[in-house]
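Source file: model34.pdb. Holds: PDB, C-alpha atoms.
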ATOM      1  CA  MET A   4     -15.485 -43.699  -0.254
ATOM      2  CA  GLU A   5     -12.513 -46.020   0.096
ATOM      3  CA  ASP A   6     -10.358 -43.098   1.281
ATOM      4  CA  MET A   7     -12.890 -42.324   4.022
ATOM      5  CA  LYS A   8     -12.941 -45.987   5.093
ATOM      6  CA  THR A   9      -9.148 -46.022   5.299
ATOM      7  CA  SER A  10      -9.178 -42.817   7.321
ATOM      8  CA  THR A  11     -11.773 -44.043   9.799
ATOM      9  CA  ASP A  12     -10.098 -47.434  10.165
ATOM     10  CA  THR A  13      -6.823 -45.746  11.021
ATOM     11  CA  ALA A  14      -8.551 -43.383  13.432
ATOM     12  CA  GLY A  15     -10.362 -46.295  15.074
ATOM     13  CA  THR A  16      -7.098 -48.078  15.796
ATOM     14  CA  ALA A  17      -5.619 -44.863  17.154
ATOM     15  CA  SER A  18      -8.706 -44.291  19.303
ATOM     16  CA  ALA A  19      -8.264 -47.632  21.041
ATOM     17  CA  LYS A  20      -4.611 -46.827  21.737
ATOM     18  CA  ASN A  21      -5.576 -43.370  22.969
ATOM     19  CA  ALA A  22      -7.971 -44.849  25.525
ATOM     20  CA  GLU A  23      -5.250 -47.242  26.695
ATOM     21  CA  HIS A  24      -2.689 -44.470  27.212
ATOM     22  CA  MET A  25      -5.193 -42.213  28.993
ATOM     23  CA  THR A  26      -5.266 -44.743  31.833
ATOM     24  CA  ASN A  27      -1.500 -44.521  32.262
ATOM     25  CA  PRO A  28      -0.532 -41.011  33.470
ATOM     26  CA  SER A  29       3.169 -41.886  33.496
ATOM     27  CA  TYR A  30       3.150 -42.645  29.761
ATOM     28  CA  VAL A  31       5.705 -40.367  28.050
ATOM     29  CA  THR A  32       6.312 -40.176  24.303
ATOM     30  CA  GLY A  33       9.503 -39.206  22.551
ATOM     31  CA  ARG A  34       7.877 -35.900  21.622
ATOM     32  CA  SER A  35       7.447 -32.815  23.757
ATOM     33  CA  LYS A  36       5.722 -33.064  27.109
ATOM     34  CA  LEU A  37       2.822 -31.050  25.662
ATOM     35  CA  ASN A  38       1.849 -30.794  21.993
ATOM     36  CA  ILE A  39      -0.752 -28.769  20.145
ATOM     37  CA  ALA A  40      -1.894 -29.763  16.655
ATOM     38  CA  LEU A  41      -3.670 -27.425  14.245
ATOM     39  CA  ILE A  42      -5.621 -29.231  11.536
ATOM     40  CA  GLU A  43      -5.596 -27.189   8.321
ATOM     41  CA  PRO A  44      -5.418 -23.723   9.941
ATOM     42  CA  GLU A  45      -6.550 -20.925   7.645
ATOM     43  CA  ILE A  46      -5.701 -17.584   9.280
ATOM     44  CA  PRO A  47      -1.998 -16.732   9.596
ATOM     45  CA  GLN A  48      -2.394 -14.394  12.563
ATOM     46  CA  ASN A  49      -4.007 -17.172  14.616
ATOM     47  CA  THR A  50      -1.184 -19.595  13.905
ATOM     48  CA  GLY A  51       1.365 -16.889  14.714
ATOM     49  CA  ASN A  52      -0.287 -16.181  18.055
ATOM     50  CA  ILE A  53      -0.443 -19.896  18.868
ATOM     51  CA  ALA A  54       3.214 -20.231  17.937
ATOM     52  CA  ARG A  55       4.036 -17.513  20.461
ATOM     53  CA  THR A  56       2.059 -19.350  23.161
ATOM     54  CA  CYS A  57       3.941 -22.539  22.298
ATOM     55  CA  ALA A  58       7.308 -20.809  22.529
ATOM     56  CA  ALA A  59       6.436 -19.233  25.883
ATOM     57  CA  THR A  60       5.323 -22.540  27.390
ATOM     58  CA  GLY A  61       7.648 -25.066  25.761
ATOM     59  CA  THR A  62       4.750 -26.653  23.870
ATOM     60  CA  ALA A  63       5.504 -28.301  20.526
ATOM     61  CA  LEU A  64       3.489 -27.073  17.520
ATOM     62  CA  HIS A  65       2.202 -29.531  14.901
ATOM     63  CA  LEU A  66       0.757 -28.145  11.646
ATOM     64  CA  VAL A  67      -1.369 -30.333   9.378
ATOM     65  CA  ARG A  68      -1.602 -29.308   5.728
ATOM     66  CA  PRO A  69      -3.150 -27.873   3.683
ATOM     67  CA  LEU A  70      -2.477 -24.536   5.354
ATOM     68  CA  GLY A  71      -4.345 -21.394   4.341
ATOM     69  CA  PHE A  72      -1.059 -19.464   4.129
ATOM     70  CA  GLU A  73       2.676 -19.840   3.715
ATOM     71  CA  ILE A  74       4.551 -20.214   6.982
ATOM     72  CA  THR A  75       6.785 -17.352   5.857
ATOM     73  CA  ASP A  76       3.806 -14.974   5.585
ATOM     74  CA  ARG A  77       4.444 -11.598   7.184
ATOM     75  CA  GLN A  78       1.291 -11.908   9.301
ATOM     76  CA  VAL A  79       2.480 -15.190  10.834
ATOM     77  CA  LYS A  80       5.913 -13.867  11.655
ATOM     78  CA  ARG A  81       4.511 -10.591  12.989
ATOM     79  CA  ALA A  82       2.165 -12.397  15.394
ATOM     80  CA  GLY A  83       4.951 -14.686  16.565
ATOM     81  CA  LEU A  84       7.427 -11.793  16.770
ATOM     82  CA  ASP A  85      10.932 -13.060  17.538
ATOM     83  CA  TYR A  86       9.859 -16.406  19.001
ATOM     84  CA  TRP A  87      10.247 -18.548  15.891
ATOM     85  CA  ASP A  88      13.766 -19.712  16.717
ATOM     86  CA  LYS A  89      12.443 -21.079  20.039
ATOM     87  CA  LEU A  90       9.735 -23.243  18.450
ATOM     88  CA  ASN A  91       9.580 -26.991  17.923
ATOM     89  CA  ILE A  92       7.424 -27.376  14.766
ATOM     90  CA  THR A  93       6.430 -30.561  12.929
ATOM     91  CA  TYR A  94       4.526 -30.627   9.624
ATOM     92  CA  TYR A  95       2.158 -33.255   8.214
ATOM     93  CA  ASP A  96       0.835 -33.442   4.669
ATOM     94  CA  SER A  97      -2.656 -34.605   5.695
ATOM     95  CA  LEU A  98      -4.886 -35.472   8.637
ATOM     96  CA  LEU A  99      -4.454 -39.154   7.798
ATOM     97  CA  GLU A 100      -0.670 -38.829   8.026
ATOM     98  CA  PHE A 101      -0.996 -37.037  11.367
ATOM     99  CA  LEU A 102      -3.188 -39.825  12.772
ATOM    100  CA  GLU A 103      -0.804 -42.501  11.519
ATOM    101  CA  ARG A 104       2.314 -40.829  12.884
ATOM    102  CA  THR A 105       0.731 -40.106  16.267
ATOM    103  CA  ALA A 106      -1.258 -43.330  16.641
ATOM    104  CA  ASP A 107       0.587 -44.253  19.850
ATOM    105  CA  VAL A 108      -0.010 -40.865  21.500
ATOM    106  CA  PRO A 109      -2.972 -39.767  23.674
ATOM    107  CA  LYS A 110      -4.963 -37.004  21.986
ATOM    108  CA  PHE A 111      -7.764 -34.637  23.014
ATOM    109  CA  PHE A 112      -9.995 -33.091  20.367
ATOM    110  CA  TYR A 113     -11.301 -29.584  21.066
ATOM    111  CA  THR A 114     -14.751 -28.999  19.600
ATOM    112  CA  THR A 115     -17.911 -27.071  20.457
ATOM    113  CA  LYS A 116     -19.804 -30.347  19.839
ATOM    114  CA  ALA A 117     -18.185 -32.240  22.722
ATOM    115  CA  PRO A 118     -20.277 -33.529  25.659
ATOM    116  CA  ARG A 119     -17.868 -32.513  28.446
ATOM    117  CA  ARG A 120     -15.620 -29.671  29.544
ATOM    118  CA  HIS A 121     -11.905 -29.451  28.851
ATOM    119  CA  THR A 122     -11.362 -29.256  32.619
ATOM    120  CA  ASP A 123     -13.068 -32.618  33.185
ATOM    121  CA  VAL A 124     -10.168 -34.698  31.854
ATOM    122  CA  SER A 125      -6.637 -35.347  33.085
ATOM    123  CA  TYR A 126      -3.890 -34.615  30.584
ATOM    124  CA  PRO A 127      -1.041 -37.150  30.578
ATOM    125  CA  GLU A 128       2.486 -36.117  29.652
ATOM    126  CA  GLY A 129       3.158 -36.309  25.940
ATOM    127  CA  CYS A 130      -0.465 -35.707  24.956
ATOM    128  CA  PHE A 131      -1.739 -33.773  21.942
ATOM    129  CA  LEU A 132      -4.351 -31.009  22.052
ATOM    130  CA  VAL A 133      -5.990 -31.052  18.621
ATOM    131  CA  MET A 134      -7.795 -28.047  17.094
ATOM    132  CA  GLY A 135      -9.687 -27.793  13.800
ATOM    133  CA  LYS A 136      -9.733 -25.106  11.129
ATOM    134  CA  GLU A 137     -11.328 -21.740  11.868
ATOM    135  CA  THR A 138     -14.285 -22.080   9.478
ATOM    136  CA  ALA A 139     -15.330 -25.690  10.089
ATOM    137  CA  GLY A 140     -13.613 -27.111  13.161
ATOM    138  CA  LEU A 141     -12.788 -30.828  13.240
ATOM    139  CA  PRO A 142     -14.620 -33.254  10.907
ATOM    140  CA  GLU A 143     -17.436 -35.158  12.574
ATOM    141  CA  TRP A 144     -16.171 -38.565  11.430
ATOM    142  CA  LEU A 145     -13.048 -37.892  13.510
ATOM    143  CA  LEU A 146     -15.073 -36.936  16.585
ATOM    144  CA  LYS A 147     -17.114 -40.117  16.172
ATOM    145  CA  GLU A 148     -13.935 -42.204  16.257
ATOM    146  CA  TYR A 149     -12.717 -40.542  19.483
ATOM    147  CA  PRO A 150     -15.895 -40.084  21.570
ATOM    148  CA  ASP A 151     -14.094 -40.312  24.919
ATOM    149  CA  CYS A 152     -11.459 -37.775  23.917
ATOM    150  CA  CYS A 153     -13.598 -34.842  22.742
ATOM    151  CA  VAL A 154     -13.728 -31.795  25.004
ATOM    152  CA  ARG A 155     -15.402 -28.397  24.900
ATOM    153  CA  ILE A 156     -14.400 -25.044  26.344
ATOM    154  CA  PRO A 157     -17.525 -23.679  28.094
ATOM    155  CA  MET A 158     -19.170 -20.638  26.563
ATOM    156  CA  ARG A 159     -22.593 -19.023  26.260
ATOM    157  CA  GLU A 160     -25.388 -20.557  24.232
ATOM    158  CA  ASN A 161     -25.913 -19.719  20.576
ATOM    159  CA  LEU A 162     -22.368 -18.442  20.003
ATOM    160  CA  ARG A 163     -20.366 -20.246  17.347
ATOM    161  CA  SER A 164     -16.917 -20.550  18.861
ATOM    162  CA  LEU A 165     -13.958 -18.818  20.443
ATOM    163  CA  ASN A 166     -11.110 -17.450  18.370
ATOM    164  CA  LEU A 167      -8.717 -20.319  17.570
ATOM    165  CA  SER A 168      -5.666 -18.734  19.195
ATOM    166  CA  ASN A 169      -7.657 -17.971  22.365
ATOM    167  CA  ALA A 170      -8.951 -21.546  22.521
ATOM    168  CA  ALA A 171      -5.439 -22.902  22.072
ATOM    169  CA  ALA A 172      -4.108 -20.766  24.925
ATOM    170  CA  ILE A 173      -6.929 -21.908  27.218
ATOM    171  CA  ALA A 174      -6.232 -25.552  26.352
ATOM    172  CA  VAL A 175      -2.480 -25.294  26.847
ATOM    173  CA  TYR A 176      -2.731 -23.531  30.183
ATOM    174  CA  GLU A 177      -5.272 -25.990  31.573
ATOM    175  CA  ALA A 178      -2.850 -28.849  30.933
ATOM    176  CA  LEU A 179       0.000 -26.834  32.438
ATOM    177  CA  ARG A 180      -2.138 -25.931  35.462
ATOM    178  CA  GLN A 181      -2.743 -29.620  36.105
ATOM    179  CA  TRP A 182       1.030 -30.131  36.050
ATOM    180  CA  ASN A 183       1.537 -27.202  38.468
ATOM    181  CA  PHE A 184       3.240 -25.158  35.715
ATOM    182  CA  GLU A 185       6.346 -27.312  35.926
ATOM    183  CA  ASN A 186       9.514 -25.670  34.531
ATOM    184  CA  LEU A 187       7.753 -22.318  34.019
ATOM    185  CA  GLU A 188       8.600 -19.086  35.777
ATOM    186  CA  CYS A 189       5.650 -18.384  38.065
ATOM    187  CA  ALA A 190       6.682 -15.085  39.674
ATOM    188  CA  GLY A 191       8.112 -11.840  38.408
ATOM    189  CA  SER A 192       9.720  -8.797  39.966
ATOM    190  CA  PRO A 193       9.211  -5.093  39.167
ATOM    191  CA  ARG A 194      12.241  -2.917  38.521
ATOM    192  CA  THR A 195      11.318  -0.128  40.937
ATOM    193  CA  PHE A 196      10.037  -1.902  44.066
ATOM    194  CA  ARG A 197       9.763  -5.284  45.763
ATOM    195  CA  PHE A 198       6.367  -6.912  46.306
ATOM    196  CA  GLU A 199       7.471  -8.583  49.533
ATOM    197  CA  ASN A 200       8.065  -5.147  51.073
ATOM    198  CA  LEU A 201       4.431  -4.147  50.394
ATOM    199  CA  MET A 202       2.480  -7.338  50.963
ATOM    200  CA  LYS A 203       0.947  -8.118  54.342
ATOM    201  CA  SER A 204       2.333 -11.243  55.931
TER     202      SER A 204
END

The structure in this file should be written as structure tokens.
Amino acid sequence: MEDMKTSTDTAGTASAKNAEHMTNPSYVTGRSKLNIALIEPEIPQNTGNIARTCAATGTALHLVRPLGFEITDRQVKRAGLDYWDKLNITYYDSLLEFLERTADVPKFFYTTKAPRRHTDVSYPEGCFLVMGKETAGLPEWLLKEYPDCCVRIPMRENLRSLNLSNAAAIAVYEALRQWNFENLECAGSPRTFRFENLMKS
């Protein structure tokens, strides 16, 4: 009981700071411009896929233990392919440690229980997109401490949730869209023809 009180007290302090930083779009932390945190992920393939998304977009990955796998698992590496050397990964031993170490950072909690859409908020630089474990999502005491920072990806009624790696990609790209995909390559070119020669002016 005391552990839960300590956890909620810490989260409450962080929640107040989160609300303060949300009103200041120019607020920049010493971390990456965009961060995604996975709280106790269980399925290695999901984390591998999310790691690949992070590498492709320059998003930092934050993993909160306990993990349902070893980070060296073949499934994780296979999903991430050869992107692991391009990743910025931070580990935390518990959710409480994560909240303490990121108390000064704006955070958004992705949950099917949220009252508003993920597209209804503005994402400041340096923010964290926080996702729960595949089987249970984020704990409700945490959502209660951050009521203004909980968001939901729209989906049909009576369906449990999206796949974690799909939800993470949707979340990351919404933040990047709001920033006009800064520092990302937004056009490609085929090897055998040029689009500009075919497109109508």

Identify, on the basis of all atoms listed in the file, every residue whose closest approach to Arg163 (chain A) does not exceed 12 Å; exclude the query and any residue fewer than 4 positions from it along the same chain; express the result as an mmCIF file with C-alpha atoms, in the coordinates of the input.
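Output (out-v6.cif):
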data_model
loop_
_atom_site.group_PDB
_atom_site.id
_atom_site.type_symbol
_atom_site.label_atom_id
_atom_site.label_comp_id
_atom_site.auth_asym_id
_atom_site.auth_seq_id
_atom_site.Cartn_x
_atom_site.Cartn_y
_atom_site.Cartn_z
ATOM 1 C CA THR A 114 -14.751 -28.999 19.600
ATOM 2 C CA THR A 115 -17.911 -27.071 20.457
ATOM 3 C CA LYS A 116 -19.804 -30.347 19.839
ATOM 4 C CA GLU A 137 -11.328 -21.740 11.868
ATOM 5 C CA THR A 138 -14.285 -22.080 9.478
ATOM 6 C CA ALA A 139 -15.330 -25.690 10.089
ATOM 7 C CA GLY A 140 -13.613 -27.111 13.161
ATOM 8 C CA ILE A 156 -14.400 -25.044 26.344
ATOM 9 C CA PRO A 157 -17.525 -23.679 28.094
ATOM 10 C CA MET A 158 -19.170 -20.638 26.563
ATOM 11 C CA ARG A 159 -22.593 -19.023 26.260
ATOM 12 C CA LEU A 167 -8.717 -20.319 17.570
#

Legend entry - Nearest-residue call for Asn52 (chain A), choices A:Cys189, A:Leu201, A:Val133, A:Ala171, using all atoms listed in the file: A:Ala171

Legend entry - Atom pair CA of Ser35 (chain A) / CA of Pro150 (chain A): separation (Å): 24.5 Å

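Rounded to one decimal, CA of Gly191 (chain A) and CA of Leu165 (chain A) lie 29.3 Å from each other.
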
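Of the residues under consideration (A:Tyr176, A:Phe72, A:Phe196, A:Trp182), A:Tyr176 shows the shortest atom-to-atom contact distance to His121 (chain A) when counting all atoms listed in the file.
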
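In this comparison, which uses only C-alpha atoms, the residue of A:Asn200, A:Asn49, A:Asn161, A:Thr105 approaching Thr93 (chain A) most closely is A:Thr105.
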
Inset, instruction - Within 12 Å of Thr50 (chain A), counting only C-alpha atoms, which residues show up once you throw out same-chain ones fewer than 2 positions away? Write them as number ranges by chain, please. - result: A: 39-48, 52-57, 64-67, 70-84, 87, 92, 134-137, 166-172

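Take the candidates A:Glu185, A:Glu148, A:Glu143, A:Glu177 and check each one against Val124 (chain A) using only C-alpha atoms; the shortest distance goes to A:Glu177.
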
Inset, instruction - Translate the PyMOL selection byres ((chain A and resi 97) around 9), as applied to the file shown, into an explicit residue set as a ChimeraX atom specification. - result: /A:42-43,67-69,95-96,98-102

Legend entry - Output of the PyMOL selection byres ((chain A and resi 186) around 12), listed as a ChimeraX atom specification: /A:36,59-62,179-180,182-185,187-189

Residue selection dump (C-alpha atoms) as a PDB file, keeping the file's coordinate frame:
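The result, written out as again-v9.pdb:
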ATOM      1  CA  LYS A  36       5.722 -33.064  27.109  1.00  0.00           C
ATOM      2  CA  ALA A  59       6.436 -19.233  25.883  1.00  0.00           C
ATOM      3  CA  THR A  60       5.323 -22.540  27.390  1.00  0.00           C
ATOM      4  CA  GLY A  61       7.648 -25.066  25.761  1.00  0.00           C
ATOM      5  CA  THR A  62       4.750 -26.653  23.870  1.00  0.00           C
ATOM      6  CA  LEU A 179       0.000 -26.834  32.438  1.00  0.00           C
ATOM      7  CA  ARG A 180      -2.138 -25.931  35.462  1.00  0.00           C
ATOM      8  CA  TRP A 182       1.030 -30.131  36.050  1.00  0.00           C
ATOM      9  CA  ASN A 183       1.537 -27.202  38.468  1.00  0.00           C
ATOM     10  CA  PHE A 184       3.240 -25.158  35.715  1.00  0.00           C
ATOM     11  CA  GLU A 185       6.346 -27.312  35.926  1.00  0.00           C
ATOM     12  CA  LEU A 187       7.753 -22.318  34.019  1.00  0.00           C
ATOM     13  CA  GLU A 188       8.600 -19.086  35.777  1.00  0.00           C
ATOM     14  CA  CYS A 189       5.650 -18.384  38.065  1.00  0.00           C
TER      15      CYS A 189
END

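Here the question is which of A:Gly51, A:Lys203, A:Arg155, A:Leu162 gets nearest to Leu90 (chain A) using only C-alpha atoms, and that residue is A:Gly51.
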
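Minimum atom-to-atom distance to Leu146 (chain A), evaluated using all atoms listed in the file, belongs to A:Ala117 out of A:Val108, A:Ala117, A:Ala190, A:Leu132.
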
Inset, instruction - Enter the distance from CA of Tyr86 (chain A) to CA of Leu141 (chain A), in Å, rounded to one decimal. - result: 27.5 Å

Can you sort out the box for region 104-123 of chain A, edges along x, y and z, all listed atoms in, 5 Å on every side, with centre and edge lengths in Å to one decimal, as JSON?
{"center_x": -9.0, "center_y": -35.7, "center_z": 23.0, "size_x": 32.6, "size_y": 27.2, "size_z": 30.3}

Legend entry - Residue neighbourhood Arg119 (chain A), 8 Å, all atoms listed in the file, exclusion window fewer than 3 positions, as a ChimeraX atom specification: /A:123,153-155
